[in-house]
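Following: one structure in C-alpha cells, then a few remarks.
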Amino acid sequence: MPDTTPYVIDEMISAKSIAARIEALAKEIRAEFDGSEQLVVVGLLRGSFVFIADLVRELDLPVEVDFIEASSYGDGMESSREVRILKDLRSGIENRDVLVVEDIVDTGFTLSHVERLLRNRAPRRLKTIALLDKPTRREVDVRADWTGFEIPDEFVVGYGIDYAQRDRNLPYIGKVRFTSD
Ligand code: IMP
C-alpha cells in the first residue's frame, strides 16, 4: 500500500441521506424502464460496488448485474486522461436495456469513454447513473442521466470510494482533510 500524508475524514453525506436518495432514484429508474426486459446493470469497478449493491436491492425490476473496470486514478488523487479497460463485461448488451453505474463523475473522462464503448455495442437503451458529481471539475462534456448528489471540488472517500485503496468500507461519504498542513 502506498504511503499517504496523514489525513482525517469529515462526514459529508450520511448513510441515512444516501439510503433515502437511492430509494428516490430507484423509483425514477423504475419509471423509466418498464420491467418487460431484463435490465443489465453495469457497475464500474471498483468504486461503485457498494452503490450498485444498494441500488439493485431498491430496484423492483428483473436485473442482471455485470461489471466493467476502467483505469482512472491509479493509487493517487490525479485523474488520468487516458482511460483503459482493465476488465470488460461478461455479457453481450446488443439490443438490451443497460444502466451504467458510476461512483463519481469528476473530469468526465471515465464515464464518457465507457459510455461511448458500450453504445458502440448497440444496446436498445443505455442510461447512466452516478452517486456523486463534481461539476466544477469537468473537462469532458458528459452528464449522468441520474445523479445522487452534486458535491464541491473535494476529495471524498467511503461508501465504496477510496483514497489509495483505503476507506472504501466507510458507510458514509467523507471528505479527506490533510492534517500535516
Ligand atoms: P473521471 O474520469 O475524472 O470522471 O474520474 C472518475 C473516477 O475517478 C471515479 O470513478 C473515481 O474512481 C475517481 N475519483 C474521482 N473523484 C474522486 C474522489 O474524490 N475520491 C476518490 N476517487 C475519485
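In the C-alpha cells, chains take letters A, B, ... by order of appearance, with residues numbered from 1 within each chain and ligands from 1 in the order shown.
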Using only C-alpha atoms and all ligand atoms, what are the residues with an atom within 6 Å of ligand 1, set out as a ChimeraX atom specification? /A:47,72-73,79,102-110,154-157,161-163
Mind the document's chain letters and residue numbers, and return as a ChimeraX atom specification the residues of region 7-177 of chain A that DSSP labels helix (DSSP H, G or I). /A:15-32,49-58,109-119,135-137
Which of these, A:Thr5, A:Ser17, A:Thr136, A:Ser91, has the shortest distance to Asp153 (chain A) once you count only C-alpha atoms?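 Ranked by minimum distance to Asp153 (chain A), first place goes to A:Thr136.
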Å distance separating CA of Pro62 (chain A) from CA of Glu37 (chain A), one decimal place: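 One can read the CA of Pro62 (chain A) to CA of Glu37 (chain A) distance as 7.4 Å.
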Have a look at CA of Leu111 (chain A) and CA of Glu139 (chain A) and let me know their distance in Å, one decimal. 11.6 Å
Can you tell me which residues surround Ala19 (chain A) at a distance of at most 10 Å, considering only C-alpha atoms, apart from same-chain residues fewer than 3 positions away, and format the answer as a list in words? Ser14, Ala15, Lys16, Ile22, Glu23, Ala24, Leu25, Phe51, Asp54, Leu55, Glu58 and Tyr172 of chain A
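Shortest separation to Ala164 (chain A) among A:Ile151, A:Val176, A:Leu132, A:Val83 occurs at residue A:Val176, atoms counted being only C-alpha atoms.
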Any idea what's packed within 10 Å of Glu94 (chain A), counting only C-alpha atoms, ignoring anything in its chain fewer than 3 positions away? Could you give it as an MDAnalysis selection string? chainID A and resid 91 97:98 118:125
When you count only C-alpha atoms, which of these residues is closest to Glu150 (chain A): A:Leu131, A:Ala70, A:Val114, A:Val101?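 Among A:Leu131, A:Ala70, A:Val114, A:Val101, it is A:Leu131 that comes nearest to Glu150 (chain A).
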Excluding same-chain residues fewer than 4 positions from Gly43 (chain A), what lies within 7 Å of it counting only C-alpha atoms, as an MDAnalysis selection string? chainID A and resid 48:49 52 66:68 100:102
Excluding Lys27 (chain A) and its own-chain neighbours fewer than 4 positions away, which residues fall within 12 Å of it when counting only C-alpha atoms? Please give them as a count of residues only. 16
Select, from A:Gly148, A:Gly158, A:Pro135, A:Gly174, the residue with the minimum atom-to-atom distance to Ile18 (chain A), counting only C-alpha atoms.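 That would be A:Gly148, the residue with the smallest distance to Ile18 (chain A).
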